[in-house]
$ cat target13.tsv   # TSV, C-alpha atoms and all ligand atoms
chain	number	residue	atom	x	y	z
S	1	MET	CA	-20.23	-5.49	-68.33
S	2	SER	CA	-19.62	-3.29	-65.33
S	3	LEU	CA	-20.00	0.36	-64.49
S	4	SER	CA	-17.07	2.77	-64.24
S	5	ALA	CA	-16.43	4.69	-61.03
S	6	GLY	CA	-17.88	7.78	-62.71
S	7	GLU	CA	-21.04	5.93	-63.75
S	8	ILE	CA	-21.47	4.50	-60.25
S	9	LYS	CA	-21.27	8.01	-58.81
S	10	LEU	CA	-23.90	9.26	-61.27
S	11	VAL	CA	-26.22	6.40	-60.29
S	12	LYS	CA	-25.69	6.95	-56.55
S	13	ASP	CA	-26.10	10.73	-56.69
S	14	SER	CA	-29.34	10.52	-58.65
S	15	TRP	CA	-30.73	7.67	-56.55
S	16	ALA	CA	-30.18	9.50	-53.22
S	17	PRO	CA	-33.05	12.02	-53.61
S	18	VAL	CA	-35.39	9.28	-54.84
S	19	TYR	CA	-34.60	7.06	-51.86
S	20	ALA	CA	-34.85	10.00	-49.44
S	21	ASN	CA	-38.59	9.96	-50.23
S	22	LYS	CA	-38.86	6.21	-50.54
S	23	LYS	CA	-42.52	5.86	-49.62
S	24	GLU	CA	-43.65	8.46	-52.14
S	25	SER	CA	-41.19	7.18	-54.77
S	26	GLY	CA	-42.25	3.57	-54.28
S	27	ILE	CA	-45.92	4.42	-54.70
S	28	ALA	CA	-45.15	6.50	-57.81
S	29	LEU	CA	-43.14	3.62	-59.28
S	30	PHE	CA	-45.97	1.13	-58.87
S	31	VAL	CA	-48.69	3.48	-60.08
S	32	ARG	CA	-46.59	4.05	-63.19
S	33	LEU	CA	-46.00	0.29	-63.58
S	34	PHE	CA	-49.75	-0.33	-63.58
S	35	SER	CA	-50.67	2.67	-65.71
S	36	GLU	CA	-48.20	1.56	-68.39
S	37	ASN	CA	-48.93	-2.16	-67.98
S	38	PRO	CA	-52.55	-2.61	-66.82
S	39	GLY	CA	-52.32	-6.37	-67.27
S	40	PHE	CA	-49.76	-6.66	-64.45
S	41	GLN	CA	-52.23	-5.77	-61.71
S	42	SER	CA	-53.69	-9.27	-61.53
S	43	GLN	CA	-50.25	-10.62	-60.50
S	44	PHE	CA	-50.46	-8.74	-57.19
S	45	ARG	CA	-52.77	-10.45	-54.76
S	46	TYR	CA	-53.01	-7.44	-52.48
S	47	LEU	CA	-54.69	-5.59	-55.35
S	48	ASP	CA	-57.48	-8.16	-55.71
S	49	GLY	CA	-60.72	-6.17	-55.82
S	50	VAL	CA	-58.93	-2.82	-56.09
S	51	SER	CA	-60.09	-0.96	-59.17
S	52	GLY	CA	-58.55	2.10	-60.81
S	53	LEU	CA	-55.23	3.88	-60.37
S	54	ALA	CA	-56.58	6.31	-57.75
S	55	ALA	CA	-57.59	3.39	-55.52
S	56	ILE	CA	-54.33	1.52	-56.20
S	57	GLU	CA	-52.37	4.59	-55.14
S	58	LYS	CA	-54.12	4.63	-51.76
S	59	THR	CA	-53.71	0.92	-50.99
S	60	PRO	CA	-51.56	0.58	-47.82
S	61	ALA	CA	-50.10	-2.77	-48.93
S	62	LEU	CA	-48.84	-1.13	-52.10
S	63	ALA	CA	-47.00	1.54	-50.08
S	64	ASP	CA	-45.44	-1.22	-47.93
S	65	HIS	CA	-44.40	-3.17	-51.00
S	66	GLY	CA	-43.05	-0.02	-52.65
S	67	VAL	CA	-40.79	0.64	-49.66
S	68	LYS	CA	-39.49	-2.95	-49.82
S	69	VAL	CA	-38.64	-2.50	-53.49
S	70	MET	CA	-36.94	0.83	-52.78
S	71	ASP	CA	-34.88	-0.72	-49.96
S	72	THR	CA	-33.85	-3.55	-52.25
S	73	VAL	CA	-32.80	-1.25	-55.10
S	74	ASN	CA	-30.97	0.90	-52.55
S	75	SER	CA	-28.96	-2.11	-51.49
S	76	TRP	CA	-28.09	-2.88	-55.13
S	77	VAL	CA	-27.01	0.70	-55.72
S	78	GLY	CA	-24.82	0.49	-52.62
S	79	SER	CA	-23.20	-2.68	-53.98
S	80	LEU	CA	-22.46	-1.44	-57.50
S	81	GLY	CA	-18.74	-1.35	-56.75
S	82	ASP	CA	-18.75	-4.89	-55.36
S	83	ALA	CA	-19.72	-7.22	-58.21
S	84	PRO	CA	-19.86	-10.52	-56.22
S	85	ALA	CA	-22.10	-8.96	-53.54
S	86	LEU	CA	-24.34	-7.37	-56.17
S	87	VAL	CA	-24.72	-10.57	-58.21
S	88	LYS	CA	-25.61	-12.49	-55.04
S	89	GLN	CA	-28.42	-10.05	-54.22
S	90	LEU	CA	-29.75	-9.94	-57.80
S	91	THR	CA	-29.73	-13.73	-58.00
S	92	ALA	CA	-31.67	-13.95	-54.73
S	93	LEU	CA	-34.29	-11.52	-56.05
S	94	GLY	CA	-34.67	-13.45	-59.30
S	95	THR	CA	-35.00	-16.72	-57.41
S	96	SER	CA	-37.58	-15.29	-54.96
S	97	HIS	CA	-39.69	-14.08	-57.88
S	98	ILE	CA	-39.97	-17.53	-59.52
S	99	ALA	CA	-42.63	-18.58	-57.01
S	100	LEU	CA	-44.38	-15.23	-57.55
S	101	LYS	CA	-44.73	-16.17	-61.24
S	102	VAL	CA	-42.92	-13.04	-62.36
S	103	THR	CA	-41.61	-13.23	-65.93
S	104	PRO	CA	-38.66	-11.72	-67.81
S	105	ALA	CA	-41.21	-9.54	-69.65
S	106	ASN	CA	-42.26	-8.10	-66.28
S	107	PHE	CA	-38.66	-7.09	-65.63
S	108	ASP	CA	-38.33	-5.66	-69.16
S	109	ALA	CA	-41.22	-3.36	-68.29
S	110	MET	CA	-39.69	-2.34	-64.97
S	111	GLY	CA	-36.67	-0.65	-66.60
S	112	PRO	CA	-38.51	2.27	-68.23
S	113	VAL	CA	-40.66	2.62	-65.10
S	114	LEU	CA	-37.59	2.87	-62.87
S	115	LEU	CA	-36.03	5.46	-65.17
S	116	TRP	CA	-39.31	7.40	-65.23
S	117	THR	CA	-39.34	7.40	-61.40
S	118	LEU	CA	-35.81	8.83	-61.39
S	119	GLN	CA	-36.82	11.45	-63.94
S	120	GLU	CA	-39.75	12.48	-61.75
S	121	LYS	CA	-38.15	12.26	-58.31
S	122	ALA	CA	-34.40	12.90	-58.67
S	123	GLY	CA	-34.76	16.51	-59.76
S	124	GLY	CA	-31.66	17.99	-61.38
S	125	ALA	CA	-29.48	15.02	-60.43
S	126	PHE	CA	-31.01	12.91	-63.22
S	127	THR	CA	-28.84	14.44	-65.94
S	128	PRO	CA	-28.50	12.86	-69.41
S	129	ALA	CA	-25.24	11.26	-68.22
S	130	ALA	CA	-27.00	9.88	-65.13
S	131	LYS	CA	-29.75	8.51	-67.33
S	132	ASP	CA	-27.19	6.70	-69.51
S	133	ALA	CA	-25.48	5.30	-66.41
S	134	TRP	CA	-28.83	4.08	-65.03
S	135	ALA	CA	-29.77	2.48	-68.35
S	136	LYS	CA	-26.48	0.56	-68.30
S	137	GLY	CA	-26.85	-0.25	-64.59
S	138	TRP	CA	-30.40	-1.53	-65.00
S	139	ASP	CA	-29.40	-3.74	-67.95
S	140	LEU	CA	-26.68	-5.22	-65.78
S	141	MET	CA	-29.07	-5.78	-62.86
S	142	LYS	CA	-31.80	-7.22	-65.06
S	143	SER	CA	-29.46	-9.66	-66.77
S	144	HIS	CA	-28.59	-11.32	-63.45
S	145	ILE	CA	-32.18	-11.24	-62.18
S	146	VAL	CA	-33.54	-12.83	-65.37
S	147	LYS	CA	-30.80	-15.46	-65.39
S	148	ALA	CA	-31.86	-16.52	-61.88
S	149	LEU	CA	-35.55	-16.24	-62.76
S	150	GLN	CA	-35.06	-18.68	-65.61
S	151	GLY	CA	-33.26	-21.10	-63.32
K	1	LIG	C1	-36.64	-3.57	-59.31
K	1	LIG	C2	-37.24	-4.77	-59.42
K	1	LIG	C3	-37.93	-5.45	-58.26
K	1	LIG	C4	-37.61	-5.46	-56.95
K	1	LIG	C5	-36.44	-4.77	-56.27
K	1	LIG	C6	-38.61	-6.27	-56.28
K	1	LIG	C7	-38.63	-6.52	-54.93
K	1	LIG	C8	-39.59	-7.24	-54.26
K	1	LIG	C9	-39.57	-7.54	-52.86
K	1	LIG	C10	-38.49	-7.08	-51.89
K	1	LIG	C11	-40.67	-8.26	-52.59
K	1	LIG	C12	-41.08	-8.83	-51.22
K	1	LIG	C13	-40.93	-10.34	-51.19
K	1	LIG	C14	-39.52	-10.82	-51.52
K	1	LIG	O1	-38.56	-10.44	-50.84
K	1	LIG	O2	-39.37	-11.62	-52.47
K	1	LIG	C15	-41.40	-8.43	-53.83
K	1	LIG	C16	-42.60	-9.10	-53.96
K	1	LIG	C17	-43.31	-9.18	-55.13
K	1	LIG	N1	-42.92	-8.76	-56.36
K	1	LIG	FE1	-41.18	-7.80	-56.78
K	1	LIG	N2	-39.52	-6.72	-57.19
K	1	LIG	C18	-39.15	-6.23	-58.41
K	1	LIG	C19	-39.79	-6.43	-59.60
K	1	LIG	C20	-41.01	-7.04	-59.73
K	1	LIG	C21	-41.76	-7.11	-60.97
K	1	LIG	C22	-41.26	-6.54	-62.31
K	1	LIG	C23	-42.92	-7.74	-60.68
K	1	LIG	C24	-44.07	-8.04	-61.58
K	1	LIG	C25	-44.55	-7.17	-62.45
K	1	LIG	C26	-42.89	-8.09	-59.28
K	1	LIG	C27	-43.88	-8.74	-58.59
K	1	LIG	C28	-43.89	-9.03	-57.27
K	1	LIG	C29	-45.00	-9.66	-56.59
K	1	LIG	C30	-46.32	-10.13	-57.23
K	1	LIG	C31	-44.65	-9.75	-55.25
K	1	LIG	C32	-45.49	-10.30	-54.10
K	1	LIG	C33	-46.23	-9.12	-53.54
K	1	LIG	C34	-47.12	-9.46	-52.38
K	1	LIG	O3	-48.12	-10.14	-52.61
K	1	LIG	O4	-46.80	-9.00	-51.27
K	1	LIG	N3	-41.72	-7.65	-58.73
K	1	LIG	N4	-40.72	-7.80	-54.82
$ encode --input "target13.tsv" --output "structure tokens" --more "lines below"
Ligand code: HEM
Amino acid sequence: MSLSAGEIKLVKDSWAPVYANKKESGIALFVRLFSENPGFQSQFRYLDGVSGLAAIEKTPALADHGVKVMDTVNSWVGSLGDAPALVKQLTALGTSHIALKVTPANFDAMGPVLLWTLQEKAGGAFTPAAKDAWAKGWDLMKSHIVKALQG
């Protein structure tokens, strides 16, 4: 499964405004992840003792982590036309998350959250066609991540 040139353009064009505000987008992504999946919070050590979404949103370590995630996704988006480079990066991410005890179910939950972030932050660029391209792109990314995560 790979994306067509047209689908890659849709993904890149809708990602650009999200990444342009990467700190704000990264925070929004994680707040959404925890609001939709409250049980995930305990997996993040930097949120030990932090209670409630308003406090989570203001945690500096969460903003730092959000930017790292945004930078990583940005690199994947930039590699969509280069399958070997993309698979290498996705495999590395899956492998690095084994020690963090992240599960395939965690990545299943990330898909809708990522699409929600695009819906909120990409403005008019997140057209129905862009949404379809992202859904396909995320499935592709997740399949390689989960494969690595499962060893
Ligand atoms: C788009 C998908 C994701 C990306 C791009 C991503 C990226 C990253 C990056 C770059 C780091 C910093 C350390 C490293 O390089 O390994 C990290 C750490 C971490 N990630 Fe992810 N991640 C993703 C999904 C998830 C999911 C779904 C979970 C669990 C719900 C998760 C949990 C964690 C945890 C617990 C850490 C350690 C945080 C800390 O204590 O600093 N990640 N992630």
$ closest_atom_pairs --input "target13.tsv" --of "chain S" --to "ligand LIG 1 (chain K)" --cutoff "9 Å" --atoms "all atoms listed in the file" --output "CSV"
residue,atom,partner,partner_atom,distance
S:Leu33,CA,K:LIG1,C25,7.7
S:Phe34,CA,K:LIG1,C25,8.7
S:Asn37,CA,K:LIG1,C25,8.7
S:Phe40,CA,K:LIG1,C25,5.6
S:Gln41,CA,K:LIG1,C25,7.8
S:Ser42,CA,K:LIG1,C30,8.6
S:Gln43,CA,K:LIG1,C30,5.1
S:Phe44,CA,K:LIG1,C30,4.4
S:Arg45,CA,K:LIG1,O3,5.1
S:Tyr46,CA,K:LIG1,O3,5.6
S:Leu47,CA,K:LIG1,O3,8.4
S:Ala61,CA,K:LIG1,O4,7.4
S:Leu62,CA,K:LIG1,O4,8.2
S:Asp64,CA,K:LIG1,O4,8.6
S:His65,CA,K:LIG1,O4,6.3
S:Gly66,CA,K:LIG1,C8,8.2
S:Val67,CA,K:LIG1,C10,8.4
S:Lys68,CA,K:LIG1,C10,4.7
S:Val69,CA,K:LIG1,C5,4.2
S:Met70,CA,K:LIG1,C5,6.6
S:Asp71,CA,K:LIG1,C10,7.6
S:Thr72,CA,K:LIG1,C5,4.9
S:Val73,CA,K:LIG1,C5,5.2
S:Asn74,CA,K:LIG1,C5,8.7
S:Trp76,CA,K:LIG1,C5,8.6
S:Leu90,CA,K:LIG1,C5,8.6
S:Ala92,CA,K:LIG1,O2,8.4
S:Leu93,CA,K:LIG1,O2,6.2
S:Gly94,CA,K:LIG1,O2,8.5
S:Thr95,CA,K:LIG1,O2,8.3
S:Ser96,CA,K:LIG1,O2,4.8
S:His97,CA,K:LIG1,O2,6.0
S:Ala99,CA,K:LIG1,O2,8.9
S:Leu100,CA,K:LIG1,C30,5.5
S:Lys101,CA,K:LIG1,C30,7.4
S:Val102,CA,K:LIG1,C24,5.2
S:Thr103,CA,K:LIG1,C24,7.2
S:Pro104,CA,K:LIG1,C22,8.0
S:Ala105,CA,K:LIG1,C22,7.9
S:Asn106,CA,K:LIG1,C22,4.4
S:Phe107,CA,K:LIG1,C22,4.3
S:Asp108,CA,K:LIG1,C22,7.5
S:Ala109,CA,K:LIG1,C22,6.8
S:Met110,CA,K:LIG1,C22,5.2
S:Gly111,CA,K:LIG1,C1,7.9
S:Leu114,CA,K:LIG1,C1,7.4
S:Trp138,CA,K:LIG1,C1,8.7
S:Met141,CA,K:LIG1,C1,8.6
S:Lys142,CA,K:LIG1,C2,8.2
S:Ile145,CA,K:LIG1,C2,8.7
$ write_last_selection --input "target13.tsv" --atoms "C-alpha atoms" --output "short mmCIF file (atom, residue, chain, number, x, y, z; two decimals), in the frame of the given file"
data_model
loop_
_atom_site.label_atom_id
_atom_site.label_comp_id
_atom_site.auth_asym_id
_atom_site.auth_seq_id
_atom_site.Cartn_x
_atom_site.Cartn_y
_atom_site.Cartn_z
CA LEU S 33 -46.00 0.29 -63.58
CA PHE S 34 -49.75 -0.33 -63.58
CA ASN S 37 -48.93 -2.16 -67.98
CA PHE S 40 -49.76 -6.66 -64.45
CA GLN S 41 -52.23 -5.77 -61.71
CA SER S 42 -53.69 -9.27 -61.53
CA GLN S 43 -50.25 -10.62 -60.50
CA PHE S 44 -50.46 -8.74 -57.19
CA ARG S 45 -52.77 -10.45 -54.76
CA TYR S 46 -53.01 -7.44 -52.48
CA LEU S 47 -54.69 -5.59 -55.35
CA ALA S 61 -50.10 -2.77 -48.93
CA LEU S 62 -48.84 -1.13 -52.10
CA ASP S 64 -45.44 -1.22 -47.93
CA HIS S 65 -44.40 -3.17 -51.00
CA GLY S 66 -43.05 -0.02 -52.65
CA VAL S 67 -40.79 0.64 -49.66
CA LYS S 68 -39.49 -2.95 -49.82
CA VAL S 69 -38.64 -2.50 -53.49
CA MET S 70 -36.94 0.83 -52.78
CA ASP S 71 -34.88 -0.72 -49.96
CA THR S 72 -33.85 -3.55 -52.25
CA VAL S 73 -32.80 -1.25 -55.10
CA ASN S 74 -30.97 0.90 -52.55
CA TRP S 76 -28.09 -2.88 -55.13
CA LEU S 90 -29.75 -9.94 -57.80
CA ALA S 92 -31.67 -13.95 -54.73
CA LEU S 93 -34.29 -11.52 -56.05
CA GLY S 94 -34.67 -13.45 -59.30
CA THR S 95 -35.00 -16.72 -57.41
CA SER S 96 -37.58 -15.29 -54.96
CA HIS S 97 -39.69 -14.08 -57.88
CA ALA S 99 -42.63 -18.58 -57.01
CA LEU S 100 -44.38 -15.23 -57.55
CA LYS S 101 -44.73 -16.17 -61.24
CA VAL S 102 -42.92 -13.04 -62.36
CA THR S 103 -41.61 -13.23 -65.93
CA PRO S 104 -38.66 -11.72 -67.81
CA ALA S 105 -41.21 -9.54 -69.65
CA ASN S 106 -42.26 -8.10 -66.28
CA PHE S 107 -38.66 -7.09 -65.63
CA ASP S 108 -38.33 -5.66 -69.16
CA ALA S 109 -41.22 -3.36 -68.29
CA MET S 110 -39.69 -2.34 -64.97
CA GLY S 111 -36.67 -0.65 -66.60
CA LEU S 114 -37.59 2.87 -62.87
CA TRP S 138 -30.40 -1.53 -65.00
CA MET S 141 -29.07 -5.78 -62.86
CA LYS S 142 -31.80 -7.22 -65.06
CA ILE S 145 -32.18 -11.24 -62.18
#
$ closest_residue --input "target13.tsv" --among "S:Val31, S:Val113, S:Ala133, S:Ala122" --to "S:Tyr19" --atoms "only C-alpha atoms"
S:Ala122
$ atom_distance --input "target13.tsv" --atom1 "atom CA of S:Trp134" --atom2 "atom CA of S:Pro38"
24.7 Å
$ atom_distance --input "target13.tsv" --atom1 "atom CA of S:Ala5" --atom2 "atom CA of S:Ala130"
12.5 Å
$ residues_around --input "target13.tsv" --residues "stretch 80-84 of chain S" --least-positions-apart "2" --cutoff "10 Å" --atoms "only C-alpha atoms" --output "PyMOL selection string"
chain S and resi 2-5+7-9+11-12+75-78+86-89+137+141
$ write_last_selection --input "target13.tsv" --atoms "C-alpha atoms" --output "PDB file, in the frame of the given file"
ATOM      1  CA  SER S   2     -19.620  -3.290 -65.330  1.00  0.00           C
ATOM      2  CA  LEU S   3     -20.000   0.360 -64.490  1.00  0.00           C
ATOM      3  CA  SER S   4     -17.070   2.770 -64.240  1.00  0.00           C
ATOM      4  CA  ALA S   5     -16.430   4.690 -61.030  1.00  0.00           C
ATOM      5  CA  GLU S   7     -21.040   5.930 -63.750  1.00  0.00           C
ATOM      6  CA  ILE S   8     -21.470   4.500 -60.250  1.00  0.00           C
ATOM      7  CA  LYS S   9     -21.270   8.010 -58.810  1.00  0.00           C
ATOM      8  CA  VAL S  11     -26.220   6.400 -60.290  1.00  0.00           C
ATOM      9  CA  LYS S  12     -25.690   6.950 -56.550  1.00  0.00           C
ATOM     10  CA  SER S  75     -28.960  -2.110 -51.490  1.00  0.00           C
ATOM     11  CA  TRP S  76     -28.090  -2.880 -55.130  1.00  0.00           C
ATOM     12  CA  VAL S  77     -27.010   0.700 -55.720  1.00  0.00           C
ATOM     13  CA  GLY S  78     -24.820   0.490 -52.620  1.00  0.00           C
ATOM     14  CA  LEU S  86     -24.340  -7.370 -56.170  1.00  0.00           C
ATOM     15  CA  VAL S  87     -24.720 -10.570 -58.210  1.00  0.00           C
ATOM     16  CA  LYS S  88     -25.610 -12.490 -55.040  1.00  0.00           C
ATOM     17  CA  GLN S  89     -28.420 -10.050 -54.220  1.00  0.00           C
ATOM     18  CA  GLY S 137     -26.850  -0.250 -64.590  1.00  0.00           C
ATOM     19  CA  MET S 141     -29.070  -5.780 -62.860  1.00  0.00           C
TER      20      MET S 141
END
$ closest_residue --input "target13.tsv" --among "S:Ala63, S:Ala85, S:Ala135, S:Ile98" --to "S:Lys147" --atoms "all atoms listed in the file"
S:Ile98
$ closest_residue --input "target13.tsv" --among "S:Gly6, S:Gly52, S:Pro112, S:Gly151" --to "S:Asp139" --atoms "all atoms listed in the file"
S:Pro112
$ residues_around --input "target13.tsv" --residues "S:Gln119" --least-positions-apart "5" --cutoff "12 Å" --atoms "only C-alpha atoms" --output "JSON, numbers by chain"
{"S": [14, 15, 17, 18, 25, 28, 29, 112, 113, 114, 124, 125, 126, 127, 128, 130, 131, 134]}
$ atom_distance --input "target13.tsv" --atom1 "atom CA of S:Ala129" --atom2 "atom CA of S:Glu36"
24.9 Å
$ closest_residue --input "target13.tsv" --among "S:Ser79, S:Lys23, S:Glu57, S:Ala148" --to "S:Ser35" --atoms "only C-alpha atoms"
S:Glu57
$ closest_residue --input "target13.tsv" --among "S:Gly39, S:Gly49, S:Gly26, S:Pro60" --to "S:Leu118" --atoms "all atoms listed in the file"
S:Gly26
$ closest_residue --input "target13.tsv" --among "S:Leu115, S:Asp48, S:Ile56, S:Lys136" --to "S:Ile27" --atoms "only C-alpha atoms"
S:Ile56
$ decode --input "target13.tsv" --residues "stretch 116-140 of chain S" --atoms "N, CA and C atoms" --output "mmCIF file, in the first residue's frame"
data_model
loop_
_atom_site.group_PDB
_atom_site.id
_atom_site.type_symbol
_atom_site.label_atom_id
_atom_site.label_comp_id
_atom_site.auth_asym_id
_atom_site.auth_seq_id
_atom_site.Cartn_x
_atom_site.Cartn_y
_atom_site.Cartn_z
ATOM 1 N N TRP S 116 -8.170 14.442 14.127
ATOM 2 C CA TRP S 116 -8.881 15.535 14.815
ATOM 3 C C TRP S 116 -7.995 16.784 14.852
ATOM 4 N N THR S 117 -6.701 16.600 15.131
ATOM 5 C CA THR S 117 -5.778 17.741 15.202
ATOM 6 C C THR S 117 -5.708 18.437 13.839
ATOM 7 N N LEU S 118 -5.691 17.654 12.784
ATOM 8 C CA LEU S 118 -5.691 18.248 11.434
ATOM 9 C C LEU S 118 -6.993 19.008 11.185
ATOM 10 N N GLN S 119 -8.083 18.407 11.584
ATOM 11 C CA GLN S 119 -9.396 19.050 11.406
ATOM 12 C C GLN S 119 -9.419 20.411 12.112
ATOM 13 N N GLU S 120 -8.838 20.439 13.315
ATOM 14 C CA GLU S 120 -8.864 21.673 14.114
ATOM 15 C C GLU S 120 -7.858 22.705 13.652
ATOM 16 N N LYS S 121 -6.697 22.258 13.178
ATOM 17 C CA LYS S 121 -5.570 23.177 12.973
ATOM 18 C C LYS S 121 -5.180 23.417 11.515
ATOM 19 N N ALA S 122 -5.737 22.627 10.585
ATOM 20 C CA ALA S 122 -5.312 22.801 9.183
ATOM 21 C C ALA S 122 -6.225 23.746 8.408
ATOM 22 N N GLY S 123 -7.286 24.215 9.065
ATOM 23 C CA GLY S 123 -8.202 25.120 8.386
ATOM 24 C C GLY S 123 -8.770 24.465 7.129
ATOM 25 N N GLY S 124 -8.925 25.279 6.084
ATOM 26 C CA GLY S 124 -9.565 24.803 4.862
ATOM 27 C C GLY S 124 -8.785 23.748 4.108
ATOM 28 N N ALA S 125 -7.502 23.570 4.462
ATOM 29 C CA ALA S 125 -6.694 22.584 3.721
ATOM 30 C C ALA S 125 -7.097 21.144 4.031
ATOM 31 N N PHE S 126 -7.812 20.944 5.149
ATOM 32 C CA PHE S 126 -8.206 19.576 5.515
ATOM 33 C C PHE S 126 -9.553 19.259 4.859
ATOM 34 N N THR S 127 -9.515 19.132 3.555
ATOM 35 C CA THR S 127 -10.708 18.839 2.760
ATOM 36 C C THR S 127 -11.087 17.360 2.932
ATOM 37 N N PRO S 128 -12.267 16.954 2.490
ATOM 38 C CA PRO S 128 -12.607 15.513 2.562
ATOM 39 C C PRO S 128 -11.563 14.638 1.857
ATOM 40 N N ALA S 129 -11.031 15.124 0.723
ATOM 41 C CA ALA S 129 -10.011 14.332 0.013
ATOM 42 C C ALA S 129 -8.730 14.247 0.846
ATOM 43 N N ALA S 130 -8.380 15.348 1.518
ATOM 44 C CA ALA S 130 -7.183 15.332 2.376
ATOM 45 C C ALA S 130 -7.401 14.373 3.547
ATOM 46 N N LYS S 131 -8.602 14.371 4.071
ATOM 47 C CA LYS S 131 -8.906 13.469 5.187
ATOM 48 C C LYS S 131 -8.746 12.004 4.755
ATOM 49 N N ASP S 132 -9.254 11.685 3.573
ATOM 50 C CA ASP S 132 -9.106 10.311 3.055
ATOM 51 C C ASP S 132 -7.628 9.955 2.865
ATOM 52 N N ALA S 133 -6.860 10.916 2.339
ATOM 53 C CA ALA S 133 -5.430 10.665 2.115
ATOM 54 C C ALA S 133 -4.705 10.460 3.451
ATOM 55 N N TRP S 134 -5.078 11.248 4.457
ATOM 56 C CA TRP S 134 -4.460 11.094 5.781
ATOM 57 C C TRP S 134 -4.829 9.753 6.417
ATOM 58 N N ALA S 135 -6.102 9.365 6.241
ATOM 59 C CA ALA S 135 -6.528 8.079 6.828
ATOM 60 C C ALA S 135 -5.701 6.943 6.227
ATOM 61 N N LYS S 136 -5.495 7.008 4.921
ATOM 62 C CA LYS S 136 -4.688 5.981 4.244
ATOM 63 C C LYS S 136 -3.223 6.082 4.698
ATOM 64 N N GLY S 137 -2.721 7.325 4.766
ATOM 65 C CA GLY S 137 -1.327 7.538 5.173
ATOM 66 C C GLY S 137 -1.076 7.055 6.595
ATOM 67 N N TRP S 138 -2.009 7.352 7.501
ATOM 68 C CA TRP S 138 -1.825 6.923 8.887
ATOM 69 C C TRP S 138 -1.865 5.392 8.995
ATOM 70 N N ASP S 139 -2.759 4.754 8.255
ATOM 71 C CA ASP S 139 -2.805 3.283 8.284
ATOM 72 C C ASP S 139 -1.470 2.691 7.845
ATOM 73 N N LEU S 140 -0.915 3.303 6.818
ATOM 74 C CA LEU S 140 0.390 2.851 6.318
ATOM 75 C C LEU S 140 1.469 3.052 7.395
#
